[in-house]
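start.txt follows (compact mmCIF, C-alpha atoms (C1' of nucleotides)):
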```
# COMPACT_ATOMS: atom_id res chain seq x y z
CA MET H 7 27.05 -18.87 -12.43
CA LEU H 8 30.36 -17.53 -13.69
CA ASN H 9 31.60 -15.68 -10.66
CA GLY H 10 31.39 -17.14 -7.21
CA VAL H 11 29.91 -14.06 -5.67
CA SER H 12 26.39 -13.26 -6.73
CA ASP H 13 24.10 -10.44 -5.77
CA LEU H 14 20.54 -10.13 -6.89
CA LEU H 15 19.19 -7.39 -9.10
CA GLU H 16 18.32 -4.25 -7.18
CA PRO H 17 17.42 -0.75 -8.37
CA ASP H 18 20.05 1.99 -8.36
CA ALA H 19 19.90 4.42 -5.47
CA ASP H 20 19.00 7.21 -7.89
CA ALA H 21 16.10 5.26 -9.27
CA LEU H 22 14.33 4.53 -5.99
CA ALA H 23 10.68 5.52 -6.33
CA LEU H 24 9.03 6.95 -3.25
CA THR H 25 5.69 5.35 -4.00
CA SER H 26 7.22 1.91 -4.38
CA VAL H 27 9.21 2.31 -1.18
CA LEU H 28 6.13 3.41 0.74
CA GLN H 29 4.11 0.58 -0.77
CA ALA H 30 6.75 -1.89 0.34
CA LEU H 31 6.71 -0.44 3.84
CA ALA H 32 2.93 -0.37 4.12
CA ASP H 33 2.65 -3.94 5.34
CA ASP H 34 2.98 -5.24 8.86
CA GLN H 35 5.04 -8.27 7.92
CA ARG H 36 7.50 -6.25 5.91
CA LEU H 37 7.68 -3.54 8.53
CA THR H 38 8.64 -6.25 10.99
CA ILE H 39 11.37 -7.42 8.65
CA VAL H 40 12.71 -3.89 8.19
CA ARG H 41 12.79 -3.30 11.95
CA GLU H 42 14.54 -6.60 12.50
CA LEU H 43 17.12 -5.82 9.83
CA ALA H 44 17.72 -2.43 11.37
CA ALA H 45 18.35 -4.10 14.71
CA GLN H 46 20.41 -7.06 13.50
CA GLY H 47 22.26 -5.48 10.63
CA GLU H 48 22.32 -8.48 8.35
CA ALA H 49 20.13 -11.55 8.63
CA ALA H 50 19.24 -14.68 6.73
CA CYS H 51 15.71 -14.70 5.33
CA GLY H 52 14.66 -17.58 7.52
CA ALA H 53 16.16 -16.07 10.65
CA ILE H 54 13.35 -13.54 10.97
CA ASP H 55 10.29 -15.23 12.34
CA LEU H 56 7.07 -14.37 10.62
CA ASP H 57 3.80 -16.20 10.94
CA VAL H 58 3.53 -16.99 7.25
CA SER H 59 4.55 -19.79 4.90
CA LYS H 60 7.94 -19.99 3.20
CA ALA H 61 6.40 -18.87 -0.08
CA THR H 62 4.86 -15.77 1.44
CA ARG H 63 8.04 -14.93 3.29
CA SER H 64 9.98 -15.16 0.06
CA HIS H 65 7.44 -12.90 -1.60
CA HIS H 66 7.87 -10.21 1.07
CA PHE H 67 11.64 -10.28 0.75
CA LYS H 68 11.27 -9.93 -3.00
CA VAL H 69 9.06 -6.86 -2.61
CA LEU H 70 11.57 -5.28 -0.25
CA ARG H 71 14.47 -6.04 -2.57
CA GLU H 72 12.76 -4.81 -5.74
CA SER H 73 11.61 -1.60 -4.11
CA GLY H 74 15.23 -0.95 -3.22
CA LEU H 75 14.89 -1.23 0.53
CA THR H 76 17.16 -4.21 0.98
CA HIS H 77 20.34 -5.70 -0.40
CA THR H 78 20.65 -9.46 -0.77
CA ARG H 79 23.91 -11.34 -0.75
CA VAL H 80 23.93 -14.95 -1.81
CA GLU H 81 26.30 -17.23 0.07
CA GLY H 82 25.99 -20.96 -0.17
CA THR H 83 22.48 -21.98 0.68
CA HIS H 84 21.74 -18.74 2.53
CA ARG H 85 20.54 -15.34 1.43
CA TRP H 86 21.90 -12.59 3.62
CA VAL H 87 19.63 -9.59 3.63
CA SER H 88 20.43 -6.10 4.87
CA LEU H 89 18.90 -2.64 4.76
CA ARG H 90 20.31 -0.29 2.13
CA ARG H 91 20.72 2.38 4.77
CA ASP H 92 23.18 4.61 2.93
CA ASP H 93 21.23 4.58 -0.32
CA LEU H 94 17.97 5.23 1.46
CA ASP H 95 19.40 7.99 3.60
CA SER H 96 20.86 9.75 0.59
CA ARG H 97 17.77 9.30 -1.52
CA PHE H 98 15.15 9.98 1.18
CA PRO H 99 16.94 11.69 4.06
CA GLY H 100 15.30 11.05 7.41
CA LEU H 101 12.69 8.63 6.14
CA LEU H 102 14.17 5.46 7.56
CA ASP H 103 15.05 7.10 10.85
CA ALA H 104 11.51 8.38 11.20
CA LEU H 105 10.08 4.95 10.55
CA LEU H 106 12.36 3.14 12.95
CA ALA H 107 11.72 5.69 15.68
CA ALA H 108 7.95 5.33 15.40
CA GLN H 109 6.26 4.13 18.56
CA PRO H 110 3.35 1.69 18.53
CA ALA H 111 -0.09 3.29 18.85
CA ARG H 112 -1.35 3.82 22.38
CA MET E 6 -27.25 19.14 11.70
CA LEU E 7 -27.66 20.54 15.19
CA ASN E 8 -24.57 22.71 15.48
CA GLY E 9 -23.44 24.91 12.67
CA VAL E 10 -19.82 23.88 12.85
CA SER E 11 -19.05 20.29 11.92
CA ASP E 12 -15.86 18.37 11.63
CA LEU E 13 -15.61 14.85 10.36
CA LEU E 14 -14.51 11.87 12.40
CA GLU E 15 -10.76 11.51 12.54
CA PRO E 16 -8.54 9.27 14.66
CA ASP E 17 -6.82 10.68 17.75
CA ALA E 18 -3.18 11.59 17.35
CA ASP E 19 -2.23 8.81 19.77
CA ALA E 20 -4.09 6.23 17.78
CA LEU E 21 -2.43 6.85 14.42
CA ALA E 22 -1.22 3.55 13.03
CA LEU E 23 2.01 3.62 11.08
CA THR E 24 0.89 0.96 8.65
CA SER E 25 -2.33 2.81 7.85
CA VAL E 26 -0.47 6.07 7.38
CA LEU E 27 2.05 4.45 5.07
CA GLN E 28 -0.70 2.70 3.18
CA ALA E 29 -2.46 6.01 2.70
CA LEU E 30 0.74 7.60 1.46
CA ALA E 31 1.62 4.75 -0.90
CA ASP E 32 -0.43 6.09 -3.79
CA ASP E 33 0.56 8.67 -6.37
CA GLN E 34 -2.75 10.50 -6.33
CA ARG E 35 -2.76 10.80 -2.56
CA LEU E 36 0.90 11.76 -2.46
CA THR E 37 0.03 14.58 -4.85
CA ILE E 38 -2.74 15.69 -2.52
CA VAL E 39 -0.45 15.63 0.51
CA ARG E 40 2.20 17.66 -1.29
CA GLU E 41 -0.38 20.16 -2.44
CA LEU E 42 -1.77 20.51 1.06
CA ALA E 43 1.71 21.00 2.43
CA ALA E 44 2.24 23.80 -0.07
CA GLN E 45 -1.16 25.46 0.15
CA GLY E 46 -1.92 24.93 3.82
CA GLU E 47 -5.64 24.42 3.46
CA ALA E 48 -7.52 23.61 0.31
CA ALA E 49 -10.97 22.63 -0.86
CA CYS E 50 -11.22 19.06 -2.15
CA GLY E 51 -12.02 20.19 -5.64
CA ALA E 52 -9.23 22.74 -5.73
CA ILE E 53 -6.58 20.08 -6.17
CA ASP E 54 -6.58 18.85 -9.70
CA LEU E 55 -6.34 15.12 -10.14
CA ASP E 56 -7.04 13.20 -13.27
CA VAL E 57 -9.78 11.08 -11.72
CA SER E 58 -13.53 11.26 -11.30
CA LYS E 59 -15.29 13.03 -8.43
CA ALA E 60 -16.05 9.69 -6.83
CA THR E 61 -12.44 8.56 -6.88
CA ARG E 62 -11.23 11.91 -5.62
CA SER E 63 -13.67 11.67 -2.73
CA HIS E 64 -12.40 8.17 -1.99
CA HIS E 65 -8.79 9.36 -1.76
CA PHE E 66 -9.68 12.17 0.60
CA LYS E 67 -11.54 9.69 2.75
CA VAL E 68 -8.52 7.40 2.96
CA LEU E 69 -6.31 10.32 3.94
CA ARG E 70 -8.77 11.49 6.58
CA GLU E 71 -9.39 8.06 8.09
CA SER E 72 -5.69 7.28 8.29
CA GLY E 73 -5.28 10.49 10.27
CA LEU E 74 -3.23 12.39 7.73
CA THR E 75 -5.72 15.18 7.13
CA HIS E 76 -8.25 17.28 8.96
CA THR E 77 -11.48 18.23 7.23
CA ARG E 78 -13.51 21.27 8.11
CA VAL E 79 -17.00 21.57 6.69
CA GLU E 80 -18.09 25.06 5.75
CA GLY E 81 -21.16 25.60 3.63
CA THR E 82 -20.86 23.60 0.48
CA HIS E 83 -17.10 23.23 0.78
CA ARG E 84 -14.84 20.82 2.62
CA TRP E 85 -11.60 22.45 3.67
CA VAL E 86 -8.83 19.93 4.02
CA SER E 87 -5.48 20.41 5.72
CA LEU E 88 -2.55 18.28 6.84
CA ARG E 89 -2.48 17.34 10.53
CA ARG E 90 1.11 18.50 10.72
CA ASP E 91 1.36 18.84 14.49
CA ASP E 92 -0.24 15.49 15.22
CA LEU E 93 1.88 13.75 12.63
CA ASP E 94 5.07 15.42 13.79
CA SER E 95 4.44 14.43 17.38
CA ARG E 96 3.38 10.90 16.53
CA PHE E 97 5.96 10.20 13.81
CA PRO E 98 8.70 12.81 14.15
CA GLY E 99 10.44 13.56 10.88
CA LEU E 100 8.24 11.37 8.72
CA LEU E 101 6.30 14.12 7.00
CA ASP E 102 9.40 16.26 6.51
CA ALA E 103 11.22 13.35 4.94
CA LEU E 104 8.37 12.70 2.55
CA LEU E 105 7.99 16.30 1.49
CA ALA E 106 11.70 16.69 0.97
CA ALA E 107 11.88 13.64 -1.30
CA GLN E 108 13.10 14.37 -4.80
CA PRO E 109 11.65 12.67 -7.87
CA ALA E 110 13.70 9.73 -9.17
CA ARG E 111 16.42 10.61 -11.66
C1' DG J 4 -39.57 26.70 -5.40
C1' DC J 5 -35.96 25.49 -8.59
C1' DA J 6 -31.54 25.13 -10.57
C1' DG J 7 -26.82 24.51 -9.89
C1' DC J 8 -22.60 23.46 -7.46
C1' DA J 9 -19.61 20.60 -3.99
C1' DG J 10 -19.04 16.53 -2.36
C1' DT J 11 -20.53 11.72 -0.74
C1' DT J 12 -22.45 7.15 -1.24
C1' DC J 13 -23.75 3.07 -3.83
C1' DG J 14 -23.04 -0.77 -6.72
C1' DA J 15 -20.25 -2.78 -9.94
C1' DC J 16 -16.01 -3.93 -12.29
C1' DC J 17 -11.40 -5.31 -12.33
C1' DG J 18 -6.69 -5.82 -11.38
C1' DC J 19 -3.30 -6.41 -7.95
C1' DG J 20 -1.31 -8.32 -4.01
C1' DA J 21 -1.16 -11.49 0.22
C1' DT J 22 -1.51 -16.08 0.96
C1' DC J 23 -0.88 -21.09 0.46
C1' DG J 24 0.82 -25.96 -0.97
C1' DA J 25 3.54 -28.21 -4.07
C1' DA J 26 7.22 -28.58 -7.04
C1' DC J 27 11.66 -27.10 -8.10
C1' DA J 28 16.81 -25.46 -7.79
C1' DC J 29 20.93 -25.38 -5.41
C1' DG J 30 24.31 -26.14 -1.97
C1' DT J 31 25.96 -29.17 1.72
C1' DA J 32 26.55 -33.11 4.67
C1' DT J 33 26.58 -38.10 5.13
C1' DA T 18 24.32 -40.97 -4.72
C1' DT T 19 21.08 -39.75 -1.36
C1' DA T 20 19.10 -36.99 1.72
C1' DC T 21 18.41 -32.64 3.83
C1' DG T 22 18.12 -27.56 4.43
C1' DT T 23 17.35 -22.99 2.38
C1' DG T 24 14.98 -20.46 -0.45
C1' DT T 25 12.45 -19.54 -5.09
C1' DT T 26 8.83 -20.26 -8.47
C1' DC T 27 4.31 -21.78 -10.05
C1' DG T 28 -0.52 -21.89 -10.08
C1' DA T 29 -4.54 -20.99 -7.65
C1' DT T 30 -7.55 -18.66 -4.42
C1' DC T 31 -9.39 -14.69 -2.45
C1' DG T 32 -10.12 -10.29 -0.54
C1' DC T 33 -9.05 -5.53 -0.89
C1' DG T 34 -8.59 -1.26 -3.16
C1' DG T 35 -8.76 2.08 -7.25
C1' DT T 36 -11.88 3.32 -10.56
C1' DC T 37 -16.21 4.72 -12.68
C1' DG T 38 -21.19 6.44 -13.52
C1' DA T 39 -25.29 7.38 -11.36
C1' DA T 40 -27.99 8.66 -7.71
C1' DC T 41 -28.14 11.18 -3.63
C1' DT T 42 -27.44 15.09 0.14
C1' DG T 43 -26.92 19.90 1.42
C1' DC T 44 -25.95 24.42 0.65
C1' DT T 45 -26.34 28.75 -2.17
C1' DG T 46 -28.42 31.89 -5.47
C1' DC T 47 -31.92 33.20 -8.41
```
For the file at hand, write its structure as structure tokens.
Amino acid sequence: MLNGVSDLLEPDADALALTSVLQALADDQRLTIVRELAAQGEAACGAIDLDVSKATRSHHFKVLRESGLTHTRVEGTHRWVSLRRDDLDSRFPGLLDALLAAQPAR
Amino acid sequence: MLNGVSDLLEPDADALALTSVLQALADDQRLTIVRELAAQGEAACGAIDLDVSKATRSHHFKVLRESGLTHTRVEGTHRWVSLRRDDLDSRFPGLLDALLAAQPAR
DNA sequence: GCAGCAGTTCGACCGCGATCGAACACGTAT
DNA sequence: ATACGTGTTCGATCGCGGTCGAACTGCTGC
């Protein structure tokens, strides 16, 4: 790696596809991750406890990143993940807020 | 059929599951249907043109209905389908508006 | 009755995605 | 150098969902 800082490939805000975003969100594990990120701001992949293997966890983070939902910052041995709130709010105003406000079914 | 009027089984507003709703929305064909219903108010299944077979079309309407996104009213040989706007707005405030306002990717 | 139209259901096909263990890559601490 | 911790990648399995044609149901019109 030439530069010390390294971010992973993520789609431009303009290019975010609604279907891909919805697809990424339509999974309980990933919805958990998104909620946790919304609450914690930025978190290491492993810091969010899911009841799946490392490989599966990594897969879910990849789906979130490639759909444009999250930003990933590489630092040492950790990957710091955060929600792309600004990009999402500008591209799909109100969507994220609506999701995070959703109450569990009664 | 005993009574003339007949509606199909649909989940209660309280019971709508976010994941199921998102899953139902995470498909281009179904997103097209939802947008069309939002624009037209109520439409017959066949009145929305999709580039799929009758069977597939029927499948998509079923997914939308069972996730709680649409209401279906049976009248003669037609099925009139409409968005459950009120239920969705009360269960997931802002979600539908955000979806319908979404612009295509640039 | 019979034909035709609207829509569903059935069975099958097929690809995609969620999942896992194992191997790997990379950074860090000893 | 060795070992460990964090996370990714690979290959495989497996179930689910989108798709179709064909058969079916139910209503309407002739």
Mind giving me the straight-line distance from C1' of DT31 in chain J to C1' of DA18 in chain T in Å, one decimal?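 C1' of DA18 in chain T lies at a distance of 13.5 Å from C1' of DT31 in chain J.
In this structure, CA of Pro99 in chain H sits 23.1 Å away from CA of Thr75 in chain E.
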Superposition output for chain E against chain H, all Cα paired in order, as a PDB file with C-alpha atoms, in the coordinates of the input:
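Result file is result-v1.pdb:
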```pdb
ATOM      1  CA  MET E   6      26.796 -19.520 -12.132  1.00  0.00           C
ATOM      2  CA  LEU E   7      30.025 -18.212 -13.606  1.00  0.00           C
ATOM      3  CA  ASN E   8      31.363 -16.145 -10.729  1.00  0.00           C
ATOM      4  CA  GLY E   9      31.249 -17.383  -7.197  1.00  0.00           C
ATOM      5  CA  VAL E  10      29.902 -14.178  -5.744  1.00  0.00           C
ATOM      6  CA  SER E  11      26.385 -13.218  -6.772  1.00  0.00           C
ATOM      7  CA  ASP E  12      24.136 -10.400  -5.802  1.00  0.00           C
ATOM      8  CA  LEU E  13      20.566 -10.059  -6.900  1.00  0.00           C
ATOM      9  CA  LEU E  14      19.218  -7.310  -9.108  1.00  0.00           C
ATOM     10  CA  GLU E  15      18.354  -4.189  -7.178  1.00  0.00           C
ATOM     11  CA  PRO E  16      17.439  -0.694  -8.355  1.00  0.00           C
ATOM     12  CA  ASP E  17      20.065   2.063  -8.334  1.00  0.00           C
ATOM     13  CA  ALA E  18      19.906   4.481  -5.442  1.00  0.00           C
ATOM     14  CA  ASP E  19      18.965   7.278  -7.846  1.00  0.00           C
ATOM     15  CA  ALA E  20      16.087   5.320  -9.244  1.00  0.00           C
ATOM     16  CA  LEU E  21      14.309   4.576  -5.971  1.00  0.00           C
ATOM     17  CA  ALA E  22      10.673   5.550  -6.310  1.00  0.00           C
ATOM     18  CA  LEU E  23       9.012   6.975  -3.235  1.00  0.00           C
ATOM     19  CA  THR E  24       5.681   5.370  -3.987  1.00  0.00           C
ATOM     20  CA  SER E  25       7.240   1.928  -4.384  1.00  0.00           C
ATOM     21  CA  VAL E  26       9.209   2.330  -1.180  1.00  0.00           C
ATOM     22  CA  LEU E  27       6.128   3.405   0.733  1.00  0.00           C
ATOM     23  CA  GLN E  28       4.121   0.598  -0.781  1.00  0.00           C
ATOM     24  CA  ALA E  29       6.763  -1.869   0.320  1.00  0.00           C
ATOM     25  CA  LEU E  30       6.724  -0.439   3.821  1.00  0.00           C
ATOM     26  CA  ALA E  31       2.932  -0.383   4.103  1.00  0.00           C
ATOM     27  CA  ASP E  32       2.653  -3.960   5.319  1.00  0.00           C
ATOM     28  CA  ASP E  33       2.999  -5.270   8.848  1.00  0.00           C
ATOM     29  CA  GLN E  34       5.052  -8.303   7.901  1.00  0.00           C
ATOM     30  CA  ARG E  35       7.506  -6.252   5.882  1.00  0.00           C
ATOM     31  CA  LEU E  36       7.677  -3.548   8.525  1.00  0.00           C
ATOM     32  CA  THR E  37       8.652  -6.275  10.982  1.00  0.00           C
ATOM     33  CA  ILE E  38      11.387  -7.411   8.623  1.00  0.00           C
ATOM     34  CA  VAL E  39      12.716  -3.879   8.188  1.00  0.00           C
ATOM     35  CA  ARG E  40      12.793  -3.307  11.936  1.00  0.00           C
ATOM     36  CA  GLU E  41      14.546  -6.601  12.485  1.00  0.00           C
ATOM     37  CA  LEU E  42      17.125  -5.802   9.836  1.00  0.00           C
ATOM     38  CA  ALA E  43      17.703  -2.407  11.374  1.00  0.00           C
ATOM     39  CA  ALA E  44      18.351  -4.088  14.709  1.00  0.00           C
ATOM     40  CA  GLN E  45      20.391  -7.048  13.509  1.00  0.00           C
ATOM     41  CA  GLY E  46      22.264  -5.442  10.638  1.00  0.00           C
ATOM     42  CA  GLU E  47      22.306  -8.451   8.364  1.00  0.00           C
ATOM     43  CA  ALA E  48      20.147 -11.514   8.621  1.00  0.00           C
ATOM     44  CA  ALA E  49      19.295 -14.653   6.710  1.00  0.00           C
ATOM     45  CA  CYS E  50      15.762 -14.706   5.300  1.00  0.00           C
ATOM     46  CA  GLY E  51      14.745 -17.586   7.483  1.00  0.00           C
ATOM     47  CA  ALA E  52      16.212 -16.063  10.617  1.00  0.00           C
ATOM     48  CA  ILE E  53      13.386 -13.574  10.939  1.00  0.00           C
ATOM     49  CA  ASP E  54      10.340 -15.269  12.289  1.00  0.00           C
ATOM     50  CA  LEU E  55       7.094 -14.415  10.587  1.00  0.00           C
ATOM     51  CA  ASP E  56       3.862 -16.267  10.904  1.00  0.00           C
ATOM     52  CA  VAL E  57       3.583 -17.029   7.197  1.00  0.00           C
ATOM     53  CA  SER E  58       4.634 -19.790   4.841  1.00  0.00           C
ATOM     54  CA  LYS E  59       8.029 -19.986   3.138  1.00  0.00           C
ATOM     55  CA  ALA E  60       6.466 -18.863  -0.116  1.00  0.00           C
ATOM     56  CA  THR E  61       4.907 -15.771   1.408  1.00  0.00           C
ATOM     57  CA  ARG E  62       8.079 -14.925   3.278  1.00  0.00           C
ATOM     58  CA  SER E  63      10.019 -15.154   0.030  1.00  0.00           C
ATOM     59  CA  HIS E  64       7.467 -12.879  -1.618  1.00  0.00           C
ATOM     60  CA  HIS E  65       7.904 -10.197   1.050  1.00  0.00           C
ATOM     61  CA  PHE E  66      11.667 -10.251   0.740  1.00  0.00           C
ATOM     62  CA  LYS E  67      11.301  -9.894  -2.998  1.00  0.00           C
ATOM     63  CA  VAL E  68       9.083  -6.836  -2.625  1.00  0.00           C
ATOM     64  CA  LEU E  69      11.574  -5.256  -0.245  1.00  0.00           C
ATOM     65  CA  ARG E  70      14.484  -5.987  -2.566  1.00  0.00           C
ATOM     66  CA  GLU E  71      12.773  -4.782  -5.736  1.00  0.00           C
ATOM     67  CA  SER E  72      11.621  -1.564  -4.107  1.00  0.00           C
ATOM     68  CA  GLY E  73      15.247  -0.907  -3.204  1.00  0.00           C
ATOM     69  CA  LEU E  74      14.892  -1.193   0.545  1.00  0.00           C
ATOM     70  CA  THR E  75      17.182  -4.177   0.993  1.00  0.00           C
ATOM     71  CA  HIS E  76      20.362  -5.649  -0.378  1.00  0.00           C
ATOM     72  CA  THR E  77      20.666  -9.404  -0.749  1.00  0.00           C
ATOM     73  CA  ARG E  78      23.942 -11.249  -0.746  1.00  0.00           C
ATOM     74  CA  VAL E  79      23.960 -14.874  -1.815  1.00  0.00           C
ATOM     75  CA  GLU E  80      26.356 -17.118   0.049  1.00  0.00           C
ATOM     76  CA  GLY E  81      26.078 -20.867  -0.232  1.00  0.00           C
ATOM     77  CA  THR E  82      22.595 -21.923   0.642  1.00  0.00           C
ATOM     78  CA  HIS E  83      21.815 -18.701   2.480  1.00  0.00           C
ATOM     79  CA  ARG E  84      20.595 -15.291   1.393  1.00  0.00           C
ATOM     80  CA  TRP E  85      21.927 -12.544   3.615  1.00  0.00           C
ATOM     81  CA  VAL E  86      19.654  -9.547   3.630  1.00  0.00           C
ATOM     82  CA  SER E  87      20.440  -6.065   4.894  1.00  0.00           C
ATOM     83  CA  LEU E  88      18.899  -2.603   4.776  1.00  0.00           C
ATOM     84  CA  ARG E  89      20.314  -0.231   2.153  1.00  0.00           C
ATOM     85  CA  ARG E  90      20.707   2.420   4.816  1.00  0.00           C
ATOM     86  CA  ASP E  91      23.147   4.665   2.973  1.00  0.00           C
ATOM     87  CA  ASP E  92      21.214   4.638  -0.279  1.00  0.00           C
ATOM     88  CA  LEU E  93      17.944   5.269   1.492  1.00  0.00           C
ATOM     89  CA  ASP E  94      19.381   8.029   3.643  1.00  0.00           C
ATOM     90  CA  SER E  95      20.820   9.805   0.637  1.00  0.00           C
ATOM     91  CA  ARG E  96      17.721   9.353  -1.484  1.00  0.00           C
ATOM     92  CA  PHE E  97      15.114  10.019   1.219  1.00  0.00           C
ATOM     93  CA  PRO E  98      16.891  11.730   4.109  1.00  0.00           C
ATOM     94  CA  GLY E  99      15.254  11.068   7.450  1.00  0.00           C
ATOM     95  CA  LEU E 100      12.644   8.650   6.169  1.00  0.00           C
ATOM     96  CA  LEU E 101      14.146   5.477   7.567  1.00  0.00           C
ATOM     97  CA  ASP E 102      15.001   7.117  10.885  1.00  0.00           C
ATOM     98  CA  ALA E 103      11.459   8.375  11.230  1.00  0.00           C
ATOM     99  CA  LEU E 104      10.044   4.938  10.565  1.00  0.00           C
ATOM    100  CA  LEU E 105      12.331   3.159  12.980  1.00  0.00           C
ATOM    101  CA  ALA E 106      11.678   5.691  15.690  1.00  0.00           C
ATOM    102  CA  ALA E 107       7.904   5.296  15.394  1.00  0.00           C
ATOM    103  CA  GLN E 108       6.208   4.099  18.550  1.00  0.00           C
ATOM    104  CA  PRO E 109       3.317   1.637  18.514  1.00  0.00           C
ATOM    105  CA  ALA E 110      -0.130   3.237  18.822  1.00  0.00           C
ATOM    106  CA  ARG E 111      -1.379   3.756  22.363  1.00  0.00           C
TER     107      ARG E 111
END
```
Please, which residues of chain E lie no more than 8 Å from chain H when the count uses all atoms listed in the file, and can they be set out as a PyMOL selection string? chain E and resi 19-28+30-33+96-100+102-104+106-111
Based on all atoms listed in the file, which of the residues in chain E come within 9 Å of chain J? I want them as an NGL selection string. :E and (50-51 or 59-60 or 63-64 or 82-84)
Would you export the selected residues with C-alpha atoms as a compact mmCIF listing (two decimals), in the coordinates of the input, please?
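The new file part04.txt reads:
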```
# COMPACT_ATOMS: atom_id res chain seq x y z
CA CYS E 50 -11.22 19.06 -2.15
CA GLY E 51 -12.02 20.19 -5.64
CA LYS E 59 -15.29 13.03 -8.43
CA ALA E 60 -16.05 9.69 -6.83
CA SER E 63 -13.67 11.67 -2.73
CA HIS E 64 -12.40 8.17 -1.99
CA THR E 82 -20.86 23.60 0.48
CA HIS E 83 -17.10 23.23 0.78
CA ARG E 84 -14.84 20.82 2.62
```
Closest of H:Ala45, H:Ile39, H:Leu14, H:Val69 to Asp57 in chain H, counting all atoms listed in the file, is H:Ile39
So which residues touch Glu42 in chain H within 12 Å, counting all atoms listed in the file, skipping near sequence neighbours fewer than 3 positions away, as a VMD selection string? chain H and resid 35 to 39 45 to 51 53 to 56 87 to 89 106
Show me, as a PDB file with C-alpha atoms (C1' of nucleotides), keeping the file's coordinate frame, every residue of chain T with an atom at most 8 Å from chain E, counting only C-alpha atoms (C1' of nucleotides).
```pdb
ATOM      1  C1'  DG T  35      -8.760   2.080  -7.250  1.00  0.00           C
ATOM      2  C1'  DT T  36     -11.880   3.320 -10.560  1.00  0.00           C
ATOM      3  C1'  DC T  37     -16.210   4.720 -12.680  1.00  0.00           C
ATOM      4  C1'  DG T  43     -26.920  19.900   1.420  1.00  0.00           C
ATOM      5  C1'  DC T  44     -25.950  24.420   0.650  1.00  0.00           C
ATOM      6  C1'  DT T  45     -26.340  28.750  -2.170  1.00  0.00           C
TER       7       DT T  45
END
```
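The space between C1' of DG24 in chain T and CA of Leu15 in chain H spans 16.2 Å.
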